[in-house]
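Participant: Structure incoming, see below.
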Amino acid sequence: MKVVVGIADMKVSKKPADVLITYSLGSCIGVVIWDPVAKVGGMLHYMLPDPGPDKAKAQEKPYMFAVTGVPALFKAAYALGADKNRLITKVVGGSQVMDTAGIFNIGKRNYEILTRMFAKNKIAIAKQDVGGNVNRTVSLEVGTGRTVLKVSGRGEFEL
Amino acid sequence: MSRVDEILMMAKAVPPFPKVAHRVLAMLDDPSVKAADLAEIIQYDAAITANILKICNSALFGLHRKITSLDEALVVLGQDELKDVIITSSSAKFYKGTVGAGYDLGQGDLWKHSVACAVVARQLAPKIAGANPSAAFTSALLHDIGKRFMSSFVADELKRILVMVDVKKMSFVEAEQKVLGMTHAELGGMILEKWEFDPEMATAVRCHHDPDALEKGPLAATIALANAVVVSLGIGGGADGLATRLQGEGMKKFGIDAATIESCMADLLFELEKAQEVLNL
């Protein structure tokens, strides 16, 4: 079954027939995790690094932010039997508009906070496709771990 | 006939913007006009009347009771809200069906992108000195109307356009200009002129992809910024992706920083959840 992960959303599954998919990642980031032994998959589509001063937003929508969404994704996968040491982590998104001054750079900052969080928690990125000025759609077959990326102008390919 | 001539000829055939809308907007600027006078004009357009009720009752406008008649709607809504509702209800029909397929947009994508942009523009306008929130809402709602009518021309050339974006690092509108001799933003500006909107709004629509849009007056700056926010979030995004230029330095003079933009992005998602009725018009 196709399970759509919306913007500021997260889904995990251990049903082999499920395909997790998130559409149109621009500056947002998609984090895709998969445990090849437990056959557990998860996907997060977060929008921003952190909620800033308005913490209530993170309470209402934890998957909107990297700081609350990423831990929630991993915890949800562990709850289904995934093991931290087996999880394969892939990262996509983090594009930005063409601003030479780099002021309009949410995509870059979304990626930077993720790499800092991963370094601190000793999580390696197995594959990634980030940056540029494109929209990305990513899907994960829960049964096989096959991750397919669709990028405007570059077509569809396996990540 | 050149491609530009073909596009211009097609532009001549663009159907008019509902007359009711312009009449009502003009009346709203006249303080002596009463709700009953407005109702008399609006009720002749059944589609707009039906839309007004749906929009009023969407959480986006946050009214605390259910509105069941046009008269009631006109009394309950504030003047600026009423302008936004009239424009939204009159614009929806141009975005129905699979419009924008040439840009690789799915059904409803262009409308969703436009509504999202209008919501952000209305939020940003009070932060930008000289930008009128209602004009910002209208211009943002219509900023990509050129895509609606340019779509079939782009469909024929999308591959060539995307190669230019990918290989030559052009922005999407630069490639559009190179291949078709015209951009959807330019066409949109012409359509707003044809529809007799304020020249400032037509300019804002025409300039929304200009790299120096933030230097082109408060309304143009608001629309360009709102579009950059929505494009970044990929809401109703198509093949053009984030391939648009924006000289972000221009934000400083409005006192807008990354934190303001991020807060706008977060708010937008909450607002869009309230806009389901509007998105389904």
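Lettering and numbering for the structure tokens are positional, with chains as A, B, ... in the shown order, residues counted from 1 in each chain, and ligands counted from 1 in the shown order.
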Quick one: residues within 7 Å of stretch 77-80 of chain B, only C-alpha atoms counted, chain neighbours fewer than 4 positions away excluded, as a list in words?

Facilitator: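 My list of contacting residues is Ala73, Asp84 and Ser134 of chain B.
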
Participant: Neighbours of B:Leu192 within 8 Å (only C-alpha atoms; same-chain residues fewer than 6 positions away dropped), as a list in words?

Facilitator: Met201, Ala202 and Val205 of chain B

Participant: Compute the chain B side of the contact with chain A at 10 Å, counting only C-alpha atoms, and hand it back as a PDB file with N, CA and C atoms, in the first residue's frame.

Facilitator:
```
ATOM      1  N   ASP B 104       4.401  20.297 -15.519  1.00  0.00           N
ATOM      2  CA  ASP B 104       4.440  19.072 -14.719  1.00  0.00           C
ATOM      3  C   ASP B 104       3.687  19.244 -13.393  1.00  0.00           C
ATOM      4  N   LEU B 158       9.253  21.488 -22.866  1.00  0.00           N
ATOM      5  CA  LEU B 158       9.722  21.318 -21.483  1.00  0.00           C
ATOM      6  C   LEU B 158      11.119  20.692 -21.408  1.00  0.00           C
ATOM      7  N   LYS B 159      11.372  19.702 -22.253  1.00  0.00           N
ATOM      8  CA  LYS B 159      12.687  19.038 -22.214  1.00  0.00           C
ATOM      9  C   LYS B 159      13.813  20.031 -22.481  1.00  0.00           C
ATOM     10  N   ARG B 160      13.626  20.842 -23.537  1.00  0.00           N
ATOM     11  CA  ARG B 160      14.667  21.834 -23.893  1.00  0.00           C
ATOM     12  C   ARG B 160      14.875  22.823 -22.750  1.00  0.00           C
ATOM     13  N   ILE B 161      13.750  23.247 -22.154  1.00  0.00           N
ATOM     14  CA  ILE B 161      13.831  24.216 -21.058  1.00  0.00           C
ATOM     15  C   ILE B 161      14.598  23.609 -19.879  1.00  0.00           C
ATOM     16  N   LEU B 162      14.269  22.370 -19.545  1.00  0.00           N
ATOM     17  CA  LEU B 162      14.898  21.738 -18.375  1.00  0.00           C
ATOM     18  C   LEU B 162      16.384  21.458 -18.602  1.00  0.00           C
ATOM     19  N   VAL B 163      16.759  21.169 -19.850  1.00  0.00           N
ATOM     20  CA  VAL B 163      18.183  20.980 -20.152  1.00  0.00           C
ATOM     21  C   VAL B 163      18.929  22.291 -19.912  1.00  0.00           C
ATOM     22  N   MET B 164      18.340  23.403 -20.333  1.00  0.00           N
ATOM     23  CA  MET B 164      18.992  24.708 -20.114  1.00  0.00           C
ATOM     24  C   MET B 164      19.144  24.999 -18.631  1.00  0.00           C
ATOM     25  N   VAL B 165      18.108  24.623 -17.844  1.00  0.00           N
ATOM     26  CA  VAL B 165      18.165  24.847 -16.392  1.00  0.00           C
ATOM     27  C   VAL B 165      19.257  23.973 -15.779  1.00  0.00           C
ATOM     28  N   ASP B 166      19.299  22.706 -16.212  1.00  0.00           N
ATOM     29  CA  ASP B 166      20.226  21.742 -15.611  1.00  0.00           C
ATOM     30  C   ASP B 166      21.664  21.994 -16.057  1.00  0.00           C
ATOM     31  N   VAL B 167      21.864  22.160 -17.361  1.00  0.00           N
ATOM     32  CA  VAL B 167      23.230  22.238 -17.895  1.00  0.00           C
ATOM     33  C   VAL B 167      23.777  23.663 -17.855  1.00  0.00           C
ATOM     34  N   LYS B 169      22.593  26.125 -16.103  1.00  0.00           N
ATOM     35  CA  LYS B 169      22.323  26.759 -14.800  1.00  0.00           C
ATOM     36  C   LYS B 169      21.479  28.025 -14.941  1.00  0.00           C
ATOM     37  N   MET B 170      20.565  27.987 -15.898  1.00  0.00           N
ATOM     38  CA  MET B 170      19.634  29.117 -16.041  1.00  0.00           C
ATOM     39  C   MET B 170      18.526  28.959 -15.014  1.00  0.00           C
ATOM     40  N   SER B 171      17.858  30.059 -14.690  1.00  0.00           N
ATOM     41  CA  SER B 171      16.630  29.927 -13.918  1.00  0.00           C
ATOM     42  C   SER B 171      15.546  29.451 -14.892  1.00  0.00           C
ATOM     43  N   PRO B 211      15.286  38.820 -10.496  1.00  0.00           N
ATOM     44  CA  PRO B 211      16.239  38.692  -9.379  1.00  0.00           C
ATOM     45  C   PRO B 211      16.212  39.909  -8.459  1.00  0.00           C
ATOM     46  N   LEU B 225       8.819  37.560  -2.582  1.00  0.00           N
ATOM     47  CA  LEU B 225       9.230  36.892  -1.348  1.00  0.00           C
ATOM     48  C   LEU B 225       8.254  35.759  -0.987  1.00  0.00           C
ATOM     49  N   ALA B 228       8.906  32.910  -3.216  1.00  0.00           N
ATOM     50  CA  ALA B 228      10.136  32.189  -2.852  1.00  0.00           C
ATOM     51  C   ALA B 228       9.885  31.269  -1.652  1.00  0.00           C
ATOM     52  N   VAL B 229       9.068  31.736  -0.709  1.00  0.00           N
ATOM     53  CA  VAL B 229       8.732  30.915   0.467  1.00  0.00           C
ATOM     54  C   VAL B 229       7.979  29.653   0.031  1.00  0.00           C
ATOM     55  N   VAL B 230       6.952  29.842  -0.798  1.00  0.00           N
ATOM     56  CA  VAL B 230       6.095  28.711  -1.179  1.00  0.00           C
ATOM     57  C   VAL B 230       6.843  27.748  -2.111  1.00  0.00           C
ATOM     58  N   VAL B 231       7.623  28.316  -3.029  1.00  0.00           N
ATOM     59  CA  VAL B 231       8.430  27.497  -3.938  1.00  0.00           C
ATOM     60  C   VAL B 231       9.425  26.656  -3.128  1.00  0.00           C
ATOM     61  N   SER B 232      10.035  27.274  -2.116  1.00  0.00           N
ATOM     62  CA  SER B 232      11.005  26.552  -1.290  1.00  0.00           C
ATOM     63  C   SER B 232      10.353  25.355  -0.611  1.00  0.00           C
ATOM     64  N   LEU B 233       9.114  25.542  -0.164  1.00  0.00           N
ATOM     65  CA  LEU B 233       8.426  24.450   0.524  1.00  0.00           C
ATOM     66  C   LEU B 233       7.885  23.407  -0.447  1.00  0.00           C
ATOM     67  N   GLY B 234       8.009  23.690  -1.747  1.00  0.00           N
ATOM     68  CA  GLY B 234       7.550  22.726  -2.750  1.00  0.00           C
ATOM     69  C   GLY B 234       6.038  22.585  -2.798  1.00  0.00           C
ATOM     70  N   ILE B 235       5.306  23.583  -2.295  1.00  0.00           N
ATOM     71  CA  ILE B 235       3.845  23.474  -2.272  1.00  0.00           C
ATOM     72  C   ILE B 235       3.286  23.795  -3.661  1.00  0.00           C
ATOM     73  N   GLY B 236       2.638  22.796  -4.253  1.00  0.00           N
ATOM     74  CA  GLY B 236       2.145  22.956  -5.624  1.00  0.00           C
ATOM     75  C   GLY B 236       3.287  23.210  -6.586  1.00  0.00           C
ATOM     76  N   GLY B 237       4.434  22.601  -6.310  1.00  0.00           N
ATOM     77  CA  GLY B 237       5.626  22.850  -7.125  1.00  0.00           C
ATOM     78  C   GLY B 237       5.680  21.928  -8.328  1.00  0.00           C
ATOM     79  N   GLY B 238       6.218  22.405  -9.438  1.00  0.00           N
ATOM     80  CA  GLY B 238       6.315  21.609 -10.653  1.00  0.00           C
ATOM     81  C   GLY B 238       7.748  21.472 -11.116  1.00  0.00           C
ATOM     82  N   ALA B 239       7.892  21.320 -12.452  1.00  0.00           N
ATOM     83  CA  ALA B 239       9.198  21.055 -13.043  1.00  0.00           C
ATOM     84  C   ALA B 239      10.183  22.208 -12.828  1.00  0.00           C
ATOM     85  N   ASP B 240       9.664  23.395 -12.597  1.00  0.00           N
ATOM     86  CA  ASP B 240      10.576  24.540 -12.414  1.00  0.00           C
ATOM     87  C   ASP B 240      11.298  24.489 -11.070  1.00  0.00           C
ATOM     88  N   GLY B 241      10.787  23.674 -10.149  1.00  0.00           N
ATOM     89  CA  GLY B 241      11.464  23.489  -8.871  1.00  0.00           C
ATOM     90  C   GLY B 241      11.807  24.808  -8.196  1.00  0.00           C
ATOM     91  N   LEU B 242      13.040  24.891  -7.702  1.00  0.00           N
ATOM     92  CA  LEU B 242      13.470  26.102  -7.004  1.00  0.00           C
ATOM     93  C   LEU B 242      14.389  26.944  -7.891  1.00  0.00           C
ATOM     94  N   ALA B 243      14.313  26.680  -9.220  1.00  0.00           N
ATOM     95  CA  ALA B 243      15.200  27.376 -10.141  1.00  0.00           C
ATOM     96  C   ALA B 243      14.694  28.780 -10.437  1.00  0.00           C
ATOM     97  N   THR B 244      14.696  29.605  -9.407  1.00  0.00           N
ATOM     98  CA  THR B 244      14.321  31.010  -9.565  1.00  0.00           C
ATOM     99  C   THR B 244      15.329  31.850  -8.808  1.00  0.00           C
ATOM    100  N   ARG B 245      15.651  33.014  -9.379  1.00  0.00           N
ATOM    101  CA  ARG B 245      16.657  33.859  -8.719  1.00  0.00           C
ATOM    102  C   ARG B 245      15.994  34.874  -7.801  1.00  0.00           C
ATOM    103  N   LEU B 246      16.669  35.142  -6.696  1.00  0.00           N
ATOM    104  CA  LEU B 246      16.192  36.191  -5.788  1.00  0.00           C
ATOM    105  C   LEU B 246      17.400  36.741  -5.045  1.00  0.00           C
ATOM    106  N   GLN B 247      17.626  38.056  -5.198  1.00  0.00           N
ATOM    107  CA  GLN B 247      18.748  38.661  -4.481  1.00  0.00           C
ATOM    108  C   GLN B 247      18.319  38.950  -3.049  1.00  0.00           C
ATOM    109  N   GLY B 248      18.659  38.006  -2.181  1.00  0.00           N
ATOM    110  CA  GLY B 248      18.167  38.041  -0.813  1.00  0.00           C
ATOM    111  C   GLY B 248      18.606  39.250   0.002  1.00  0.00           C
ATOM    112  N   GLU B 249      19.685  39.937  -0.443  1.00  0.00           N
ATOM    113  CA  GLU B 249      20.137  41.135   0.305  1.00  0.00           C
ATOM    114  C   GLU B 249      18.991  42.117   0.485  1.00  0.00           C
ATOM    115  N   GLY B 250      18.107  42.158  -0.524  1.00  0.00           N
ATOM    116  CA  GLY B 250      17.001  43.114  -0.526  1.00  0.00           C
ATOM    117  C   GLY B 250      16.075  42.958   0.675  1.00  0.00           C
ATOM    118  N   MET B 251      16.119  41.807   1.335  1.00  0.00           N
ATOM    119  CA  MET B 251      15.233  41.585   2.492  1.00  0.00           C
ATOM    120  C   MET B 251      15.600  42.503   3.647  1.00  0.00           C
ATOM    121  N   LYS B 252      16.906  42.834   3.721  1.00  0.00           N
ATOM    122  CA  LYS B 252      17.398  43.592   4.883  1.00  0.00           C
ATOM    123  C   LYS B 252      16.684  44.928   5.047  1.00  0.00           C
ATOM    124  N   ASP B 257      14.467  38.906   8.130  1.00  0.00           N
ATOM    125  CA  ASP B 257      15.626  38.020   8.202  1.00  0.00           C
ATOM    126  C   ASP B 257      15.174  36.564   8.078  1.00  0.00           C
ATOM    127  N   ALA B 258      16.136  35.668   8.193  1.00  0.00           N
ATOM    128  CA  ALA B 258      15.836  34.248   8.021  1.00  0.00           C
ATOM    129  C   ALA B 258      14.784  33.778   9.027  1.00  0.00           C
ATOM    130  N   ALA B 259      14.837  34.329  10.251  1.00  0.00           N
ATOM    131  CA  ALA B 259      13.883  33.910  11.284  1.00  0.00           C
ATOM    132  C   ALA B 259      12.446  34.272  10.882  1.00  0.00           C
ATOM    133  N   ILE B 261      11.308  34.568   7.840  1.00  0.00           N
ATOM    134  CA  ILE B 261      10.918  33.672   6.746  1.00  0.00           C
ATOM    135  C   ILE B 261      10.537  32.295   7.312  1.00  0.00           C
ATOM    136  N   GLU B 262      11.339  31.811   8.248  1.00  0.00           N
ATOM    137  CA  GLU B 262      11.059  30.491   8.823  1.00  0.00           C
ATOM    138  C   GLU B 262       9.728  30.484   9.571  1.00  0.00           C
ATOM    139  N   SER B 263       9.483  31.566  10.280  1.00  0.00           N
ATOM    140  CA  SER B 263       8.232  31.658  11.023  1.00  0.00           C
ATOM    141  C   SER B 263       7.038  31.696  10.059  1.00  0.00           C
ATOM    142  N   MET B 265       6.986  30.271   7.142  1.00  0.00           N
ATOM    143  CA  MET B 265       6.846  28.910   6.593  1.00  0.00           C
ATOM    144  C   MET B 265       6.041  28.030   7.552  1.00  0.00           C
ATOM    145  N   ALA B 266       6.382  28.124   8.830  1.00  0.00           N
ATOM    146  CA  ALA B 266       5.680  27.305   9.821  1.00  0.00           C
ATOM    147  C   ALA B 266       4.210  27.710   9.870  1.00  0.00           C
ATOM    148  N   ASP B 267       3.953  29.028   9.925  1.00  0.00           N
ATOM    149  CA  ASP B 267       2.568  29.506   9.988  1.00  0.00           C
ATOM    150  C   ASP B 267       1.765  29.059   8.775  1.00  0.00           C
ATOM    151  N   LEU B 269       1.882  26.405   7.041  1.00  0.00           N
ATOM    152  CA  LEU B 269       1.383  25.032   7.108  1.00  0.00           C
ATOM    153  C   LEU B 269       0.132  24.935   7.980  1.00  0.00           C
ATOM    154  N   PHE B 270       0.147  25.683   9.087  1.00  0.00           N
ATOM    155  CA  PHE B 270      -1.033  25.703   9.955  1.00  0.00           C
ATOM    156  C   PHE B 270      -2.227  26.335   9.214  1.00  0.00           C
TER     157      PHE B 270
END
```

Participant: Quick one, how far is atom CA of B:Leu53 from atom CA of B:Thr222?

Facilitator: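 It comes out at 28.3 Å.
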
Participant: Please compute the atom CA of A:Val67-atom CA of A:Ala82 distance, one decimal, in Å.

Facilitator: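 One can read the atom CA of A:Val67 to atom CA of A:Ala82 distance as 20.6 Å.
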